[in-house]
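Just run_27.cif here, mmCIF, C-alpha atoms:
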data_coords
loop_
_atom_site.label_atom_id
_atom_site.label_comp_id
_atom_site.auth_asym_id
_atom_site.auth_seq_id
_atom_site.Cartn_x
_atom_site.Cartn_y
_atom_site.Cartn_z
CA ASN A 258 -13.95 -13.92 -30.14
CA ALA A 259 -17.30 -12.69 -28.77
CA GLY A 260 -19.71 -13.11 -31.73
CA VAL A 261 -23.26 -12.52 -30.47
CA THR A 262 -23.63 -11.61 -26.81
CA GLN A 263 -26.97 -11.42 -25.05
CA THR A 264 -27.86 -10.55 -21.48
CA PRO A 265 -29.21 -11.48 -19.03
CA LYS A 266 -28.86 -15.26 -19.18
CA PHE A 267 -31.64 -15.90 -16.70
CA ARG A 268 -34.47 -13.71 -15.46
CA ILE A 269 -37.67 -14.15 -13.49
CA LEU A 270 -40.36 -11.55 -14.08
CA LYS A 271 -43.67 -10.97 -12.41
CA ILE A 272 -46.79 -10.65 -14.54
CA GLY A 273 -47.12 -7.09 -15.80
CA GLN A 274 -43.45 -6.17 -15.39
CA SER A 275 -41.35 -5.01 -18.30
CA MET A 276 -37.76 -5.70 -19.21
CA THR A 277 -35.22 -5.42 -22.00
CA LEU A 278 -33.06 -8.24 -23.32
CA GLN A 279 -29.81 -6.84 -24.60
CA CYS A 280 -28.02 -8.15 -27.69
CA THR A 281 -24.81 -7.03 -29.32
CA GLN A 282 -22.70 -8.48 -32.12
CA ASP A 283 -19.15 -7.71 -33.17
CA MET A 284 -19.16 -9.26 -36.64
CA ASN A 285 -20.41 -6.14 -38.45
CA HIS A 286 -23.48 -8.05 -39.64
CA ASN A 287 -26.31 -6.06 -41.11
CA TYR A 288 -28.98 -8.60 -40.22
CA MET A 289 -30.07 -9.29 -36.68
CA TYR A 290 -32.91 -11.41 -35.31
CA TRP A 291 -34.76 -12.32 -32.16
CA TYR A 292 -36.22 -15.82 -31.84
CA ARG A 293 -38.07 -17.57 -29.07
CA GLN A 294 -38.05 -21.28 -28.46
CA ASP A 295 -40.61 -22.94 -26.22
CA PRO A 296 -39.76 -26.29 -24.61
CA GLY A 297 -39.58 -29.07 -27.18
CA MET A 298 -40.54 -26.73 -29.99
CA GLY A 299 -38.83 -25.06 -32.92
CA LEU A 300 -37.56 -21.51 -33.24
CA LYS A 301 -40.07 -18.75 -33.93
CA LEU A 302 -38.99 -15.38 -35.29
CA ILE A 303 -40.15 -12.42 -33.20
CA TYR A 304 -38.51 -9.46 -34.96
CA TYR A 305 -35.67 -8.90 -37.35
CA SER A 306 -33.61 -6.00 -38.64
CA VAL A 307 -31.82 -5.57 -41.95
CA GLY A 308 -29.75 -2.63 -40.79
CA ALA A 309 -29.54 0.26 -38.38
CA GLY A 310 -32.86 2.06 -38.19
CA ILE A 311 -34.82 -0.70 -39.94
CA THR A 312 -36.86 -3.34 -38.11
CA ASP A 313 -39.74 -5.59 -39.08
CA LYS A 314 -42.09 -8.07 -37.49
CA GLY A 315 -41.58 -11.77 -37.64
CA GLU A 316 -44.00 -14.58 -36.93
CA VAL A 317 -44.79 -13.79 -33.26
CA PRO A 318 -44.25 -10.06 -32.55
CA ASN A 319 -47.15 -9.40 -30.16
CA GLY A 320 -46.01 -8.26 -26.73
CA TYR A 321 -42.52 -7.29 -27.91
CA ASN A 322 -40.75 -4.27 -29.32
CA VAL A 323 -37.30 -3.75 -30.79
CA SER A 324 -35.02 -0.95 -31.86
CA ARG A 325 -31.83 -0.84 -33.92
CA SER A 326 -29.97 2.40 -33.40
CA THR A 327 -26.55 0.94 -34.26
CA THR A 328 -25.27 -1.95 -36.35
CA GLU A 329 -24.04 -3.71 -33.22
CA ASP A 330 -27.05 -3.57 -30.89
CA PHE A 331 -30.56 -5.00 -31.17
CA PRO A 332 -32.42 -4.92 -27.83
CA LEU A 333 -35.75 -6.70 -27.35
CA ARG A 334 -38.30 -5.06 -25.06
CA LEU A 335 -41.00 -7.06 -23.30
CA GLU A 336 -43.90 -4.91 -22.19
CA LEU A 337 -46.41 -6.12 -19.60
CA ALA A 338 -44.97 -9.61 -19.22
CA ALA A 339 -47.40 -12.52 -19.43
CA PRO A 340 -46.91 -16.22 -18.56
CA SER A 341 -47.12 -17.02 -22.29
CA GLN A 342 -43.81 -15.19 -22.71
CA THR A 343 -41.99 -17.75 -20.59
CA SER A 344 -39.46 -19.09 -23.06
CA VAL A 345 -35.86 -19.12 -24.17
CA TYR A 346 -34.93 -16.13 -26.29
CA PHE A 347 -32.12 -16.25 -28.83
CA CYS A 348 -30.58 -13.25 -30.51
CA ALA A 349 -28.80 -13.92 -33.80
CA SER A 350 -27.02 -12.14 -36.60
CA SER A 351 -25.98 -12.86 -40.17
CA SER A 352 -24.62 -11.32 -43.31
CA ARG A 353 -26.92 -11.15 -46.35
CA LEU A 354 -26.81 -14.79 -47.41
CA GLY A 355 -24.31 -16.09 -44.91
CA THR A 356 -24.47 -18.23 -41.86
CA ILE A 357 -26.66 -17.17 -38.97
CA TYR A 358 -24.92 -17.02 -35.60
CA PHE A 359 -26.70 -17.23 -32.28
CA GLY A 360 -26.13 -15.89 -28.82
CA GLU A 361 -26.21 -18.29 -25.89
CA GLY A 362 -29.83 -17.59 -25.06
CA SER A 363 -31.79 -15.87 -22.32
CA TRP A 364 -34.08 -17.99 -20.13
CA LEU A 365 -37.10 -15.98 -19.09
CA THR A 366 -39.77 -17.10 -16.63
CA VAL A 367 -42.89 -15.03 -16.01
CA VAL A 368 -44.68 -15.82 -12.75
CA ARG B 32 -47.56 -27.51 -46.29
CA LYS B 33 -44.97 -26.29 -43.81
CA GLU B 34 -42.10 -24.30 -45.26
CA VAL B 35 -39.39 -26.63 -43.97
CA GLU B 36 -40.19 -30.17 -42.91
CA GLN B 37 -37.94 -32.76 -41.32
CA ASP B 38 -38.13 -36.38 -40.24
CA PRO B 39 -40.12 -36.34 -37.00
CA GLY B 40 -37.73 -38.48 -34.98
CA PRO B 41 -36.45 -39.24 -32.46
CA PHE B 42 -33.76 -41.45 -33.87
CA ASN B 43 -32.17 -43.86 -31.39
CA VAL B 44 -29.12 -45.56 -32.87
CA PRO B 45 -26.18 -47.56 -31.49
CA GLU B 46 -22.66 -46.19 -31.55
CA GLY B 47 -21.04 -46.76 -34.91
CA ALA B 48 -24.29 -46.70 -36.85
CA THR B 49 -24.94 -44.64 -39.95
CA VAL B 50 -27.95 -42.35 -39.74
CA ALA B 51 -29.59 -40.16 -42.37
CA PHE B 52 -31.80 -37.12 -41.84
CA ASN B 53 -34.11 -35.75 -44.49
CA CYS B 54 -35.50 -32.28 -45.03
CA THR B 55 -37.82 -30.78 -47.63
CA TYR B 56 -38.53 -27.12 -48.31
CA SER B 57 -41.39 -25.39 -50.04
CA ASN B 58 -39.80 -22.37 -51.76
CA SER B 59 -38.01 -23.28 -54.97
CA ALA B 60 -36.31 -19.85 -55.01
CA SER B 61 -34.50 -20.50 -51.74
CA GLN B 62 -30.93 -19.29 -51.79
CA SER B 63 -28.89 -21.09 -49.17
CA PHE B 64 -29.13 -24.14 -47.00
CA PHE B 65 -27.61 -25.29 -43.74
CA TRP B 66 -27.63 -27.98 -41.09
CA TYR B 67 -27.43 -26.79 -37.51
CA ARG B 68 -26.97 -28.77 -34.35
CA GLN B 69 -28.64 -27.87 -31.08
CA ASP B 70 -27.67 -29.46 -27.80
CA CYS B 71 -30.08 -29.48 -24.88
CA ARG B 72 -30.43 -26.00 -23.36
CA LYS B 73 -27.92 -24.55 -25.80
CA GLU B 74 -28.04 -22.30 -28.84
CA PRO B 75 -28.11 -23.74 -32.37
CA LYS B 76 -24.67 -23.98 -33.91
CA LEU B 77 -23.72 -24.37 -37.54
CA LEU B 78 -22.82 -27.93 -38.46
CA MET B 79 -22.35 -27.37 -42.17
CA SER B 80 -23.58 -25.44 -45.16
CA VAL B 81 -25.15 -27.45 -47.96
CA TYR B 82 -24.11 -27.01 -51.58
CA SER B 83 -25.60 -28.32 -54.80
CA SER B 84 -22.50 -30.37 -55.46
CA GLY B 85 -22.76 -32.01 -52.07
CA ASN B 86 -20.18 -31.58 -49.36
CA GLU B 87 -18.46 -33.67 -46.76
CA ASP B 88 -16.86 -32.81 -43.44
CA GLY B 89 -15.32 -35.82 -41.76
CA ARG B 90 -18.13 -38.19 -40.83
CA PHE B 91 -20.82 -35.80 -42.05
CA THR B 92 -22.10 -35.57 -45.62
CA ALA B 93 -24.74 -33.12 -46.82
CA GLN B 94 -26.61 -33.25 -50.10
CA LEU B 95 -28.93 -30.81 -51.84
CA ASN B 96 -31.37 -31.65 -54.61
CA ARG B 97 -32.86 -28.40 -55.87
CA ALA B 98 -35.17 -30.11 -58.35
CA SER B 99 -36.80 -32.14 -55.58
CA GLN B 100 -36.38 -29.37 -52.96
CA TYR B 101 -34.73 -31.88 -50.69
CA ILE B 102 -31.74 -31.75 -48.33
CA SER B 103 -30.10 -34.62 -46.52
CA LEU B 104 -27.53 -35.15 -43.81
CA LEU B 105 -25.66 -38.42 -43.38
CA ILE B 106 -23.70 -39.18 -40.23
CA ARG B 107 -21.36 -42.14 -40.41
CA ASP B 108 -19.82 -44.01 -37.47
CA SER B 109 -22.06 -42.26 -34.93
CA LYS B 110 -20.49 -41.16 -31.65
CA LEU B 111 -22.16 -40.60 -28.30
CA SER B 112 -21.27 -36.93 -28.71
CA ASP B 113 -23.43 -36.72 -31.86
CA SER B 114 -26.55 -36.90 -29.67
CA ALA B 115 -28.38 -33.64 -30.29
CA THR B 116 -31.22 -32.13 -32.27
CA TYR B 117 -30.41 -31.46 -35.93
CA LEU B 118 -32.07 -28.47 -37.55
CA CYS B 119 -32.51 -27.99 -41.27
CA VAL B 120 -32.30 -24.29 -42.12
CA VAL B 121 -33.25 -22.66 -45.41
CA ASN B 122 -32.73 -19.04 -46.35
CA MET B 123 -35.80 -18.30 -48.44
CA GLY B 124 -35.13 -14.62 -48.88
CA ASN B 125 -32.98 -12.63 -51.21
CA TYR B 126 -31.82 -10.25 -48.52
CA GLY B 127 -30.94 -12.44 -45.54
CA GLN B 128 -34.20 -11.79 -43.78
CA ASN B 129 -35.88 -15.11 -44.13
CA PHE B 130 -34.04 -17.96 -42.46
CA VAL B 131 -36.65 -20.65 -41.96
CA PHE B 132 -35.91 -23.34 -39.41
CA GLY B 133 -37.25 -26.84 -39.54
CA PRO B 134 -38.67 -28.31 -36.33
CA GLY B 135 -35.56 -30.45 -35.82
CA THR B 136 -34.87 -34.15 -35.57
CA ARG B 137 -33.57 -35.47 -32.29
CA LEU B 138 -30.77 -38.03 -32.38
CA SER B 139 -29.74 -40.19 -29.45
CA VAL B 140 -26.64 -42.33 -29.94
CA LEU B 141 -26.68 -45.20 -27.48
CA PRO B 142 -23.64 -47.05 -26.08
#

Conversion result in structure tokens:
Amino acid sequence: NAGVTQTPKFRILKIGQSMTLQCTQDMNHNYMYWYRQDPGMGLKLIYYSVGAGITDKGEVPNGYNVSRSTTEDFPLRLELAAPSQTSVYFCASSSRLGTIYFGEGSWLTVV
Amino acid sequence: RKEVEQDPGPFNVPEGATVAFNCTYSNSASQSFFWYRQDCRKEPKLLMSVYSSGNEDGRFTAQLNRASQYISLLIRDSKLSDSATYLCVVNMGNYGQNFVFGPGTRLSVLP
């Protein structure tokens, strides 16, 4: 009963390093999303995908890249990490008008 | 005007109290509506979908008024375990790509 799985759960990066947050879902959802949530704040959409091979920017895409080569996987790439990217990152998936399901989150600290 | 607005909170209520949360949304063409619950340092989880006819799940009742673009959540007989942040979520897109999250209302149920 996996749902949405994202890794790693915790990571500390140095300024300028790069990394990829992995996300996979087993619900055969076409739609996948990456959000970030800063302490005490709401969710902000970084990127989303409506199907394999199709991605689009959300509200806060700068400093991030995504790819969607399969229905199941939607990795988020952070290039040249900056302290402003310290946040909790949530991957999510949904069907067209259905419920959105979230992974457990990835806590990222950039020092 | 923000796309989805909620009561600012926090709400501090005693056990057994009834508490109501309000949410308004800006896009009259919005397709689907949800209440999510988010515990501290956890991912948002679906509490209930919201239908035009209103719906109830145990102690929780959700209402939707499309004419007023207003959604509500009523919690009766509050429990300590109801303490969380409640997120109003509106799907404003036709193709599942536009879930808009409200900022959340924090509830603390006190013994």

Segment 261-340 of chain A residues near segment 105-124 of chain B within 12 Å, closest pair each, using all atoms listed in the file, as JSON lines:
{"residue": "A:Gly297", "atom": "CA", "partner": "B:Thr116", "partner_atom": "CA", "distance": 10.3}
{"residue": "A:Met298", "atom": "CA", "partner": "B:Thr116", "partner_atom": "CA", "distance": 11.0}
{"residue": "A:Gly299", "atom": "CA", "partner": "B:Leu118", "partner_atom": "CA", "distance": 8.9}
{"residue": "A:Leu300", "atom": "CA", "partner": "B:Leu118", "partner_atom": "CA", "distance": 9.9}
{"residue": "A:Val307", "atom": "CA", "partner": "B:Gly124", "partner_atom": "CA", "distance": 11.9}

Limited to C-alpha atoms, could you put the picked residues into a file as a PDB file, in the frame of the given file?
ATOM      1  CA  GLY A 297     -39.580 -29.070 -27.180  1.00  0.00           C
ATOM      2  CA  MET A 298     -40.540 -26.730 -29.990  1.00  0.00           C
ATOM      3  CA  GLY A 299     -38.830 -25.060 -32.920  1.00  0.00           C
ATOM      4  CA  LEU A 300     -37.560 -21.510 -33.240  1.00  0.00           C
ATOM      5  CA  VAL A 307     -31.820  -5.570 -41.950  1.00  0.00           C
TER       6      VAL A 307
END

Exercise answer, chain A residues close to chain B, 10 Å and only C-alpha atoms, as number ranges by chain: A: 287-290, 296-302, 305-307, 313, 315, 345-364

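If you look at atom CA of Leu278 of chain A and atom CA of Arg334 of chain A, they are 6.4 Å away from each other.
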
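Taking atom CA of Tyr321 of chain A and atom CA of Ser57 of chain B as the two end points, the separation is 28.6 Å.
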
Residue members of the PyMOL selection byres ((chain A and resi 337) around 9) in the file shown, as a PyMOL selection string: chain A and resi 272-276+320+335-336+338-339

Can you write just those residues out, C-alpha atoms, as a tab-separated table (two decimals), keeping the file's coordinate frame?
chain	number	residue	atom	x	y	z
A	272	ILE	CA	-46.79	-10.65	-14.54
A	273	GLY	CA	-47.12	-7.09	-15.80
A	274	GLN	CA	-43.45	-6.17	-15.39
A	275	SER	CA	-41.35	-5.01	-18.30
A	276	MET	CA	-37.76	-5.70	-19.21
A	320	GLY	CA	-46.01	-8.26	-26.73
A	335	LEU	CA	-41.00	-7.06	-23.30
A	336	GLU	CA	-43.90	-4.91	-22.19
A	338	ALA	CA	-44.97	-9.61	-19.22
A	339	ALA	CA	-47.40	-12.52	-19.43

Gap from atom CA of Glu46 of chain B to atom CA of Leu78 of chain B - Å, one decimal: 19.5 Å

Exercise: residues within 8 Å of coordinate (-23.7, -10.0, -25.4), counting all atoms listed in the file, as a PyMOL selection string: chain A and resi 259+261-264+279-282+360

Neighbour residues at most 6 Å from (-44.9, -15.9, -14.1) (only C-alpha atoms) as a VMD selection string: chain A and resid 271 to 272 340 366 to 368

Which of A:Glu329, A:Tyr304, A:Gln294, A:Lys314 sits closest to Gly260 of chain A [using all atoms listed in the file]: A:Glu329

Apply the PyMOL selection byres ((chain B and resi 51-56) around 7) to the displayed file and report the matching residues as a PDB file with C-alpha atoms, in the coordinates of the input.
ATOM      1  CA  GLU B  34     -42.100 -24.300 -45.260  1.00  0.00           C
ATOM      2  CA  VAL B  35     -39.390 -26.630 -43.970  1.00  0.00           C
ATOM      3  CA  GLU B  36     -40.190 -30.170 -42.910  1.00  0.00           C
ATOM      4  CA  GLN B  37     -37.940 -32.760 -41.320  1.00  0.00           C
ATOM      5  CA  ASP B  38     -38.130 -36.380 -40.240  1.00  0.00           C
ATOM      6  CA  THR B  49     -24.940 -44.640 -39.950  1.00  0.00           C
ATOM      7  CA  VAL B  50     -27.950 -42.350 -39.740  1.00  0.00           C
ATOM      8  CA  SER B  57     -41.390 -25.390 -50.040  1.00  0.00           C
ATOM      9  CA  ASN B  58     -39.800 -22.370 -51.760  1.00  0.00           C
ATOM     10  CA  GLN B 100     -36.380 -29.370 -52.960  1.00  0.00           C
ATOM     11  CA  TYR B 101     -34.730 -31.880 -50.690  1.00  0.00           C
ATOM     12  CA  ILE B 102     -31.740 -31.750 -48.330  1.00  0.00           C
ATOM     13  CA  SER B 103     -30.100 -34.620 -46.520  1.00  0.00           C
ATOM     14  CA  LEU B 104     -27.530 -35.150 -43.810  1.00  0.00           C
ATOM     15  CA  LEU B 105     -25.660 -38.420 -43.380  1.00  0.00           C
ATOM     16  CA  ILE B 106     -23.700 -39.180 -40.230  1.00  0.00           C
ATOM     17  CA  CYS B 119     -32.510 -27.990 -41.270  1.00  0.00           C
TER      18      CYS B 119
END

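Within the 9 Å cut-off around Thr327 of chain A, using all atoms listed in the file and omitting residues fewer than 5 positions from it on the same chain, the listed residues are Gly308, Ala309 and Gly310 of chain A.
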
With all atoms of segment 72-88 of chain B from the file as input, state the centre and edge lengths in Å to one decimal of the axis-aligned box that has 3 Å extra on each side, as AutoDock Vina command-line options.
--center_x -23.6 --center_y -28.0 --center_z -39.4 --size_x 19.6 --size_y 17.4 --size_z 38.1
